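A.B. asks: Mind looking over this structure? Questions follow.
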Amino acid sequence: MSARASRTGRSLFLLAPLLLFLAGFFVWPLFSMMSQAVSDTAVLRLLPQSAEVLAGWDRKSPPTPEMQTALIADLKAVEDTQALGDMVRRLNSARSGFRTLMSKTTSALSDEADPPADLVSIDKRWERPEFWLAIADALSPLTDRNLLAAVDLGRNADGEIEHLPADQSVNRVILVRTFWISALVTFACIAIGYPYAIIAASLSGWKRDVMLAAVLLPLWTSLLVRTAAWFILLQEQGLINDVLQMLGLTSGPVQLIFNRTGVVIAMTHVLLPFMVLPIYSVLITIPKNLMPAAASLGAHPLRAFLRVLLPLSLRGVAAGSLLVFISAIGYYITPALIGGPGDQMISSIIAFYAIGSANWGMAGALGVVLLAATLVLYSVYARLSADEPGRR
Amino acid sequence: MALRFSKLAFSVLAILFLVAPLIAILPLAFTSSVILTYPIPSWSMRWFTELFTADAWRRAIVNSLIIGTGTTLLATVLGTAASLGLRNRLVFFRGTFRTLFLLPMVVPAVVLGVGMQVLLARFGLTNSYAGVIIAHTVVAVPFVVVSVTGALAGIDERVELAAESLGAPPATVFRRVTLPLALPGVLSGAVLAFATSLDEVVLTLFVAGPNQRTLARQMFSSIRENISPAIAAAAFLFIAATIAIGLIVVLSRSVLAKRRAPVH
Amino acid sequence: MRRRRSFLLPGGEKVAEGRMRGPALCPTARAREPLLAEFIRFDRITKFYGPLCVVENLDLGIGKGEFVSLLGPSGSGKTTLLMMLAGFEQPTSGTILVDGQAVNDVPTHKRDMGVVFQSYALFPHMTVGENIAFPLEMRGLGKAEIADRVTRALDMVQLSAMRERRPAQLSGGQQQRVALARALVFEPRVVLMDEPLGALDKQLREQMQLDIRDLHRRLGLTIVFVTHDQSEALTMSDRVAVFNKGKIEQIGTPRQVYDEPATRFVAEFIGETNLIEGVVARISGGEAAVRLASGAEIVSAVSGGVAEGATVYLSVRPERIELAEARNAAHNCLETEVTDSVYQGDHLRVELAAGSHPLIAKLGRRSREFEPGTKVFAAFSAGDCRVIAPPDGQRQAAAS
């Protein structure tokens with residue numbers, strides 16, 4: 001018993017460093033990203049005094065003088081006009097009319113010569129609780145706004161979830177595009193990878209080795225090198241265009257890069273090994289004599305394939321497809337380098353929000369969407385490969 | 001006959017599709033031109049010279065070596081220890097731990113990158129070597145765990161029991177029996193960790209500052225901004241290194257297989 | 001041990017276990033060529049794998065309703081021949097005729113031959129019933145008829161209760177019976193079996209041998225059976241073709257190949273034998289006198305093809321040797337000394353030295369014990385030994 005306990009203790013001691021490391025630098029970052037997605041302190045930071053006063057407000061009665069004073073003080077202290085603009089836009093979407101109200105208010109407040117006594121004297125609307133309610137809501141540190149916006153939803157004036165107007169609906173287009181490109185790549189990988197794996201598994205000796213090496217070499221090669229290679233091949237004066245023109249298939253150079261064609265070709269090349277290898281590993285566990293057996297029992301080769309090989313290898317095809325699809329939806333480098341503006345996938349948009357515009361809330365929210373899709377698909381994949389009987 | 005021919009044609013085309021891009025880029029490393037197209041006007045080593053002398057490239061190479069080495073050490077130590085811990089069937093949540101250890105391979109790099117940047121900023125680790133090494137280790141550790149658990153699973157436990165029965169205390173059994181048998185797995189795990197770090201772009205993009213620009217990161221922006229044959233030269237080095245690494249992995253596997261072969 | 005009821009007879013009626021043969025299957029009458037109408041013919045078949053010749057210019061005829069075993073060590077070409085008959089392999093040259101028609105260009109799925117594979121090749125994703133229904137579906141039979149024939153086939157192999165099981169849920173013996181039912185259910189012209197019993201344990205294997213033999217008789221099947229197990233071949237077959245290095249060394253009834261081995265290879269491959277080298281001194285009236293190196297002379301049955309003065313081997317089966325204390329004038333007698341004796345349950349195995357030449361004798365269990373060092377005479381009649389002509393090369397060497 002004590003020997004067992006000490007063995008367990010030793011094992012836990014060995015596991016602890018990696019557990020702590022991953023908890024700190026893998027799980028925690030993901031949680032911080034998620035909290036970025038639902039936290040929103042932009043308004044809170046702009047209006048710290050109002051936040052304090054509004055906390056004691058009953059959300060129904062007309063504004064007290066303290067509330068007005070606090071808001072005036074906050075608005076006067078604002079230096080970051082961009083943040084102010086963001087806040088106004090947000091308040092306006094919660095309560096229309098806020099834009100005109102705010103511009104009127106700020107210009108009145110900046111009038112040094114004749115400072116207004118309170119807000120109501122600037123505009124009667126400040127008497128109405130609805131406008132204060134909008135501010136109070138915007139002060140809350142938690143928000144579903146980003147998550148909703150990630151799938152092109154928003155809340156209307158009454159707080160109901162509705163579709164954003166078409167001019168703001170960019171994310172759904174990108175999500176659909178991400179899934180569409182990933183599906184195209186997955187199909188291309190099945191179309192090439194499935195027959196490839198079947199042929200490789202049916203061979204032996206050096207022929208099989210060559211086919212496997214042809215899959216492993218790109219897998220081991222740097223992703224950037226492969227992307228660079230495709231960049232060079234696909235460009236207007238690239239080898240592929242040279243060959244096409246030499247063969248007389250096209251008269252002039254074909255646009256292959258910075259468009260969908262290039263992205264799908266390059267991503268198929270990059271992800272093909274992830275299709276071939278799972279299928280191959282399933283195929284080699286299938287006894288070699290089943291297809292001859294089917295033939296001897298009178299099955300035409302096509303029927304034998306449909307009835308015997310296909311059902312037996314379907315698990316490998318499903319596993320490979322999931323693996324390719326999961327990898328494809330998270331792809332960044334290849335679309336960023338080979339694709340045009342119309343081929344950017346969700347990862348590119350996340351990177352744009354995070355690096356380009358420092359909008360961590362939107363980056364986080366789209367990240368949550370991508371992470372959720374990935375983990376759901378991965379759990380399906382894990383179940384699929386765990387069921388594998390007689391796994392080698 | 002028609003079937004056999006179409007099979008052959010398909011295989012050749014597919015192999016061409018897989019391998020030709022990697023081969024096509026190689027000669028361009030030796031072009032004397034400034035543009036990356038065929039035909040090559042004349043041969044020259046100028047782009048290799050550029051790679052090793054131009055400040056941006058030289059620093060990128062040095063950074064990649066520093067970060068790769070750090071990542072390899074950290075990932076190998078953490079991953080090997082954890083794999084040894086995972087061996088014990090008495091540990092609770094063994095399956096959960098294993099899944100957790102492999103998950104960094106699955107989570108999209110951009111997602112992890114966003115989270116990592118937020119977190120490292122909190123610790124003041126952005127734009128530091130430590131931050132980049134930590135980020136790379138997170139994605140490299142699964143490869144070490146897979147490789148080492150594979151090697152450990154191949155060890156016949158009776159060999160260790162035999163050693164114990166011959167009078168070796170547990171520490172000695174580990175040092176003289178377990179570790180030597182698992183060593184090829186640890187080595188190939190380390191090689192894979194280094195390769196992962198070398199090739200990592202997305203996380204680097206998020207957490208590294210201009211001073212930690214790695215070779216892969218430099219290649220990324222060079223393709224994006226001003227593509228030059230220096231890319232081909234770098235690719236040449238990468239492919240050469242890949243083949244070398246591949247040989248090391250294959251050799252260590254065959255050593256492993258030999259060691260595992262039953263004694264007659 | 002309890003013996004499993006034979007699965008092939010619905011009433012569970014016990015099959016006669018002796019190696020009984022009907023008059024039509026009289027061994028000598030059917031020695032070289034089948035009495036029954038020839039159904040399968042291999043005509044000068046040669047098969048190369050790259051530079052390797054696995055079957056060399058081979059001729060073989062198989063009669064309708066005949067059970068022929070292809071027996072030989074691994075790599076002797078027997079399985080390749082079966083694969084060519086099934087259509088999995090193409091002969092490099094030569095013709096395979098079935099029922100008078102060349103089948104070289106007929107694809108496997110149109111050959112109508114039931115194949116039982118070494119590892120059964122059951123479809124793991126189909127139930128037992130679906131496996132057996134497969135060939136019937138391929139032939140486009142109606143649902144009702146398929147169900148009916150599957151039921152009957154399952155009854156035949158006594159696996160009706162297993163119809164909905166998957167192959168992985170069956171024991172090895174049950175899987176073997178499913179494979180058999182699947183190969184028979186569509187009433188193929190020929191049944192090909194590639195070491196179908198190799199994976200079974202000894203007792204089950206012996207039962208299956210009798211079951212398959214009985215099935216052959218009852219259904220009048222033409223069976224080509226590949227095996228490397230000589231006792232299996234002897235138990236089951238009408239005729240045995242002994243393969244070596246891509247050629248048939250001898251073909252004949254089990255009795256012929258055992259009692260009258262044509263070559264040294266056959267003598268040694270089938271059963272255990274004593275081979276004694278000597279020179280033919282005289283030949284007269286179907287008997288040859290062979291002089292051994294020790295000077296002793298042995299009289300043996302001979303079947304021609306041997307000239308006086310040729311160096312030959314004498315083959316004497318160990319169980320034909322008797323040990324006597326005194327010389328017996330009626331028999332060949334060799335003066336020997338016992339070197340070892342081992343009691344093996346059903347017989348006593350005695351190792352002897354006849355001068356420098358070792359001999360083995362298997363004696364009935366009622367025999368007395370022999371101490372090492374005992375001087376005895378090894379006696380056997382002229383009919384119990386065979387003269388085996390040396391291969392062509394050796395014969396010339398002996399003549400020069």
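For the structure tokens, the naming scheme is as follows: chains receive sequential letters (A, B, ...) according to their order of presentation, residues are indexed from 1 within each chain, and ligands are indexed from 1 in presentation order.
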Could you work out which residues of chain A fall inside 6 Å of chain C? Count only C-alpha atoms, and format the result as a list in words.
C.D. replies: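 So the residues of chain A near chain C are Asn289, Leu290, Ala295, Ser296, Leu297, Gly298, Ala299 and His300 of chain A.
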A.B. asks: Quick one: write out the picked residues with N, CA and C atoms as a compact mmCIF listing (two decimals), in the first residue's frame?
C.D. replies:
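The result, written out as result_22.txt:
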```txt
# COMPACT_ATOMS: atom_id res chain seq x y z
N ASN A 289 -6.63 -10.01 -47.66
CA ASN A 289 -7.34 -11.02 -48.46
C ASN A 289 -8.83 -10.72 -48.58
N LEU A 290 -9.32 -9.62 -47.99
CA LEU A 290 -10.76 -9.36 -48.06
C LEU A 290 -11.22 -9.03 -49.47
N ALA A 295 -13.94 -10.79 -54.45
CA ALA A 295 -13.90 -11.12 -55.87
C ALA A 295 -14.25 -12.60 -56.08
N SER A 296 -13.70 -13.46 -55.22
CA SER A 296 -13.96 -14.90 -55.41
C SER A 296 -15.43 -15.22 -55.14
N LEU A 297 -16.09 -14.36 -54.35
CA LEU A 297 -17.50 -14.59 -54.08
C LEU A 297 -18.39 -13.97 -55.14
N GLY A 298 -17.76 -13.39 -56.17
CA GLY A 298 -18.53 -12.92 -57.31
C GLY A 298 -18.75 -11.43 -57.36
N ALA A 299 -18.00 -10.66 -56.54
CA ALA A 299 -18.22 -9.21 -56.53
C ALA A 299 -17.33 -8.54 -57.58
N HIS A 300 -17.95 -7.73 -58.42
CA HIS A 300 -17.22 -6.89 -59.37
C HIS A 300 -16.35 -5.94 -58.55
```
A.B. asks: I'd like a table as a tab-separated table: residues in chain A with an atom no more than 6 Å from chain B, each row giving the shortest atom pair and its distance in Å to one decimal, only C-alpha atoms counted, sorted by chain and rising residue number.
C.D. replies:
```
residue	atom	partner	partner_atom	distance
A:Ser11	CA	B:Gly85	CA	4.0
A:Leu14	CA	B:Ala81	CA	5.0
A:Leu15	CA	B:Ala82	CA	4.3
A:Leu18	CA	B:Leu78	CA	5.3
A:Pro29	CA	B:Gly115	CA	4.1
A:Leu30	CA	B:Gly115	CA	5.1
A:Ser32	CA	B:Gly115	CA	5.8
A:Met33	CA	B:Gly115	CA	4.4
A:Ala214	CA	B:Ile15	CA	5.8
A:Thr221	CA	B:Thr242	CA	5.8
A:Ser222	CA	B:Asp199	CA	5.6
A:Val225	CA	B:Ala235	CA	5.2
A:Ala229	CA	B:Pro21	CA	5.5
A:Gly330	CA	B:Pro108	CA	4.9
A:Ser347	CA	B:Val110	CA	5.9
A:Gly367	CA	B:Val111	CA	5.2
```
A.B. asks: When you look at range 80-82 of chain A with a cut-off of 12 Å (counting only C-alpha atoms), what residues show up, excluding the ones that are within fewer than 3 positions of it in the same chain? I need them as an MDAnalysis selection string.
C.D. replies: chainID A and resid 42:43 45:46 74:77 85:89 103 106
A.B. asks: For CA of Pro210 in chain B and CA of Asn127 in chain B, quote the distance in Å rounded to one decimal.
C.D. replies: 7.4 Å
A.B. asks: Would you mind listing what lies within 12 Å of Arg125 in chain A as a list in words, with only C-alpha atoms counted and same-chain residues fewer than 6 positions away left out?
C.D. replies: Pro62, Pro63, Arg95, Ser96, Gly97, Phe98, Thr100, Leu101, Met102, Lys104, Thr105, Leu119, Phe131 and Trp132 of chain A
A.B. asks: Mind dumping the selected residues with C-alpha atoms as a compact mmCIF listing (two decimals), in the first residue's frame?
C.D. replies:
```
# COMPACT_ATOMS: atom_id res chain seq x y z
CA PRO A 62 -35.09 61.00 -12.91
CA PRO A 63 -31.37 61.83 -12.63
CA ARG A 95 -30.50 54.46 -27.36
CA SER A 96 -30.87 56.33 -30.60
CA GLY A 97 -30.51 60.06 -30.35
CA PHE A 98 -27.44 59.77 -28.14
CA THR A 100 -26.80 64.33 -31.32
CA LEU A 101 -27.29 64.59 -27.57
CA MET A 102 -23.63 63.93 -26.85
CA LYS A 104 -24.55 68.99 -28.24
CA THR A 105 -23.48 68.27 -24.65
CA LEU A 119 -26.97 68.67 -18.10
CA PHE A 131 -30.64 57.81 -21.51
CA TRP A 132 -29.12 57.28 -18.08
```
A.B. asks: Can you list, as a ChimeraX atom specification, all residues belonging to range 92-150 of chain C that DSSP tags as alpha helix (DSSP H)?
C.D. replies: /C:128-138,143-150
A.B. asks: Since we have the selection now, will you write its residues out, keeping C-alpha atoms, as an mmCIF file, in the first residue's frame?
C.D. replies:
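Listed below is the output, selection.cif:
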```cif
data_model
loop_
_atom_site.group_PDB
_atom_site.id
_atom_site.type_symbol
_atom_site.label_atom_id
_atom_site.label_comp_id
_atom_site.auth_asym_id
_atom_site.auth_seq_id
_atom_site.Cartn_x
_atom_site.Cartn_y
_atom_site.Cartn_z
ATOM 1 C CA VAL C 128 -22.255 -13.933 -40.045
ATOM 2 C CA GLY C 129 -25.538 -13.936 -41.969
ATOM 3 C CA GLU C 130 -24.461 -10.992 -44.135
ATOM 4 C CA ASN C 131 -21.144 -12.656 -44.865
ATOM 5 C CA ILE C 132 -22.849 -15.766 -46.117
ATOM 6 C CA ALA C 133 -25.454 -13.759 -48.045
ATOM 7 C CA PHE C 134 -22.734 -11.752 -49.820
ATOM 8 C CA PRO C 135 -22.060 -14.121 -52.770
ATOM 9 C CA LEU C 136 -25.795 -14.619 -53.254
ATOM 10 C CA GLU C 137 -26.393 -10.865 -53.340
ATOM 11 C CA MET C 138 -23.627 -10.522 -55.890
ATOM 12 C CA LYS C 143 -34.270 -11.593 -50.790
ATOM 13 C CA ALA C 144 -36.395 -14.576 -49.839
ATOM 14 C CA GLU C 145 -34.145 -17.050 -51.581
ATOM 15 C CA ILE C 146 -31.048 -15.505 -50.049
ATOM 16 C CA ALA C 147 -32.548 -15.746 -46.569
ATOM 17 C CA ASP C 148 -33.524 -19.347 -47.205
ATOM 18 C CA ARG C 149 -30.148 -20.429 -48.508
ATOM 19 C CA VAL C 150 -28.303 -18.625 -45.713
#
```
A.B. asks: Quick one: residues within 12 Å of Asn211 in chain B, only C-alpha atoms counted, chain neighbours fewer than 2 positions away excluded, as a PyMOL selection string?
C.D. replies: chain B and resi 55-56+59-64+67+126-129+132+204-205+207-209+213-215+217-218
A.B. asks: Using Å and a single decimal, report how far CA of Asp211 in chain C sits from CA of Leu159 in chain C.
C.D. replies: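 Separating CA of Leu159 in chain C from CA of Asp211 in chain C is a distance of 14.5 Å.
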A.B. asks: What parts of range 79-226 of chain A does DSSP call strand (DSSP E or B)? I'd like the answer as a ChimeraX atom specification.
C.D. replies: /A:142,153-155,161-163
A.B. asks: Can you list, as JSON, numbers by chain, every protein, DNA or RNA residue that comes within 12 Å of Arg205 in chain C when you count only C-alpha atoms, leaving out same-chain residues fewer than 2 positions away?
C.D. replies: {"C": [3, 4, 172, 173, 174, 176, 177, 195, 196, 197, 198, 199, 200, 201, 202, 203, 207, 208, 209, 210, 211, 212, 229, 231, 232, 235, 236]}
A.B. asks: Find the residue from B:Arg4, B:Arg176, B:Arg94, B:Arg46 that sits nearest to Thr8 in chain A; use only C-alpha atoms when measuring.
C.D. replies: B:Arg94
A.B. asks: Name all residues at most 6 Å from Phe67 in chain C (count only C-alpha atoms; drop same-chain ones fewer than 4 positions away) and give them as a list in words.
C.D. replies: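 The contact residues come out as Thr222, Ile223, Ser237 and Asp238 of chain C.
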A.B. asks: Write a file of the selected residues as a PDB file, in the first residue's frame, keeping N, CA and C atoms.
C.D. replies:
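Once written, again.pdb looks like this:
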```pdb
ATOM      1  N   THR C 222     -15.798 -30.653 -56.095  1.00  0.00           N
ATOM      2  CA  THR C 222     -14.423 -30.695 -56.569  1.00  0.00           C
ATOM      3  C   THR C 222     -13.628 -29.770 -55.662  1.00  0.00           C
ATOM      4  N   ILE C 223     -12.637 -30.329 -54.984  1.00  0.00           N
ATOM      5  CA  ILE C 223     -11.904 -29.517 -54.003  1.00  0.00           C
ATOM      6  C   ILE C 223     -10.409 -29.553 -54.310  1.00  0.00           C
ATOM      7  N   SER C 237      -7.383 -36.513 -48.834  1.00  0.00           N
ATOM      8  CA  SER C 237      -7.421 -36.405 -50.291  1.00  0.00           C
ATOM      9  C   SER C 237      -7.705 -37.706 -51.012  1.00  0.00           C
ATOM     10  N   ASP C 238      -8.242 -37.562 -52.215  1.00  0.00           N
ATOM     11  CA  ASP C 238      -8.240 -38.666 -53.165  1.00  0.00           C
ATOM     12  C   ASP C 238      -6.831 -38.808 -53.724  1.00  0.00           C
TER      13      ASP C 238
END
```
